[in-house]
Amino acid sequence: MLANPATTHHTAPMPLPLDFDSAALHGNDRLHSAEWLETNGLGGWASSTIGGSHTRRYHGLLVAALHPPGARMVMLSKLEETLLCEGATYDLGCNQFPGTYAPCGQQYIEHFALHPFPTWNYRAGKLALTKQIGALHGENTTVVYYRLTEAPGPVELLLRPFAAVRDFHALQHANENVHRDAKFADGVLTIQAYDNTPPIYISVPGAKFDYAPYWYYHFQYREEQARGLDFEEDLFTHGVLRVTLQPGQTLGVIVSLDNTPGRDPAALLANEAARRDEVVKTAGFKGELEQQLVRAADQFIVRRGDHGHTIIAGYHWFGDWGRDTMIALPGLCLATKRFAEAKEILRAFADVESEGMLPNNFPDEGGAPAYNSADAALWFFIATQAYLKATGDDSFVRDELLPVLEDILAWHDRGTRYHIHCDDDGLLFAGEPGVQLTWMDAKVGDWVVTPRTGKPVELNALWYNALVILSELRAKFGKPGDEDLAARALAVKDHFVETFWNGKLGYLFDVVNGNDRDPSLRPNQLFALSLPHELLSQSQSLSVFKAIEQKLLTPVGLRSLAPNMPGYRAHYEGGVHARDGAYHQGTVWGWLLGPYITALVRLRGPPGTERARALVQNLSAKLGQNGLGTLSEIYDGDSPFTPRGCIAQAWSVGEILRVCRDDLGE
């Protein structure tokens with residue numbers, strides 16, 4: 001560990017797979033496959049691989065959110081180090097170029113750990129250097145902190161910044177528009193790479209600057225190549241910062257969009273470490289896995305605008321999505337006792353309810369939100385009930401949320417976008433050609449992979465729960481019509497069973513559209529068992545659960561389609577068409593482990609609880625596999641269940657925290 005003030009406020013290191021010695025790092029691909037992530041509470045981050053080679057267009061030392069949580073730009077891609085001592089040169093950086101890695105600084109990594117920040121120990125010849133990288137909460141700032149722990153004498157440290165200054169989805173190529181000039185004064189290098197882009201400030205106390213503007217060509221990002229996307233980029237450097245370090249000396253570098261002189265990098269890291277520890281302390285979990293997941297949860301709760309908060313669905317490319325937010329909120333905010341943020345998030349989405357719908361997502365570049373989600377508004381009922389139970393905040397729910405819930409019901413009764421409406425049998429219908437409305441929402445061009453037009457099973461389980469919840473809220477707050485709504489909910493429950501129960505197969509149809517009933521075994525029917533208000537008899541529930549357990553359950557989540565079903569895809573890989581074609585056709589989703597565990601505990605009693613605890617603890621190994629310290633979005637449908645998609649997903653983390661608090665009593 002780096003012995004500086006940043007390490008004095010954090011809890012003891014955890015026996016989780018977040019600490020790697022040389023043997024664990026070398027001789028396998030972990031250096032280039034395991035990714036660290038530092039987020040800043042605005043929607044931005046610093047992120048790369050342990051070895052330092054960027055494998056995604058989204059990797060960078062300073063990825064800023066200019067209009068939180070959106071307008072994200074990769075500002076400074078890299079800050080590469082070179083050590084000079086007694087005539088020897090050691091390049092610590094690492095990049096993939098066509099056919100080679102250069103330089104190969106990963107060979108000098110002796111140790112890597114993830115507490116309290118990503119921390120590297122390098123050993124090169126007679127030199128030993130330790131480095132920490134931390135993103136500061138609430139600002140587009142990254143701190144890099146060095147300590148020269150061993151050296152025979154003074155060492156010159158060279159720092160070469162590589163600027164990208166581009167939209168985080170784009171790639172940069174050599175061009176004549178880049179500003180080749182840079183300003184250096186009082187230890188601060190100021191780079192404004194293009195017109196109408198923010199300047200980058202790189203503060204290196206005691207440094208000198210050698211101006212040498214130059215393009216570096218053909219950086220390759222292998223994860224982008226594997227995804228069938230453009231994968232080569234050119235980066236621009238304005239020169240090299242030089243500073244001399246004595247043995248035992250430290251150096252704090254601040255990379256920021258704000259130029260604030262006189263800040264102490266060590267104190268900044270110490271304060272950030274203390275903030276994170278307070279988040280963990282407030283949550284009150286005792287287990288090491290749960291505490292790490294609380295740290296992971298903190299990464300998704302970000303600012304929206306100047307005052308409110310929202311939830312980033314996943315890193316590195318998602319923004320805030322209505323469905324994901326409502327599903328993740330109970331775990332990320334309520335289980336961790338972040339009630340103020342939960343209130344702000346619910347209020348923010350209530351304010352943008354439109355025609356009975358919540359936004360599916362907010363465009364990263366700004367503009368009007370998209371409302372192509374049939375279930376986000378229904379998950380809003382679940383989140384509201386969970387918030388009220390956790391906080392007892394009657395006035396907020398009664399005065400601000402209940403009117404929104406009433407409006408959602410009214411619009412669904414009269415009919416809203418995309419033919420979403422309450423049908424004659426009381427069940428909910430949704431869909432029209434060319435539109436994907438449920439969480440199984442993959443679409444490539446005009447191809448909707450799983451259209452599910454009609455009456456999806458989980459949509460109607462949510463609809464029944466919404467009616468019950470609204471009836472209960474009306475009764476609680478003395479509003480008229482609660483008895484009528486309760487009776488209506490019971491009728492919906494009866495029609496649900498009549499419509500969806502597949503007696504021949506012993507589980508529920510996935511979608512019903514007139515006489516067309518889809519018998520695909522998917523996890524969507526699980527919500528009839530796991531939502532607050534169940535819909536099936538005990539025997540039916542056990543039959544459904546058995547089918548799910550036998551065909552869909554894996555150690556990391558549930559398959560989106562049973563392997564014996566037509567169209568099953570075992571691997572999520574290849575280009576866009578191939579990946580989206582597999583997204584909900586067998587790919588395992590980590591977040592579904594949450595509702596599975598809820599149903600397991602309900603149906604199996606104490607033995608189910610013990611089994612659930614084992615499932616949760618088995619996730620510890622995943623914390624060191626892909627996105628370090630967090631849980632991935634998806635996994636291949638077949639063993640070894642390789643992590644895919646986003647390296648950090650809000651509802652994957654949130655659902656595990658929810659069941660740990662609500663179902664397992666942790």
# chains A, B, ... in the order shown; residues from 1 in each chain; ligands from 1

$ residues_around --residues "Asp167 of chain A" --least-positions-apart "4" --cutoff "9 Å" --atoms "only C-alpha atoms" --output "list of chain:residue names"
A:Ala71, A:Arg72, A:Met73, A:Val74, A:Met75, A:Leu171

$ residues_around --residues "segment 521-527 of chain A" --least-positions-apart "2" --cutoff "10 Å" --atoms "only C-alpha atoms" --output "count of residues only"
51

$ atom_distance --atom1 "atom CA of Gln192 of chain A" --atom2 "atom CA of Leu268 of chain A"
24.7 Å

$ residues_around --residues "His26 of chain A" --least-positions-apart "4" --cutoff "10 Å" --atoms "only C-alpha atoms" --output "JSON, numbers by chain"
{"A": [20, 21, 22, 30, 31, 51, 106, 107, 109, 110]}

$ residues_around --residues "Ala342 of chain A" --least-positions-apart "4" --cutoff "9 Å" --atoms "only C-alpha atoms" --output "PyMOL selection string"
chain A and resi 309-310+329-330+332-334+337-338+346-347+387
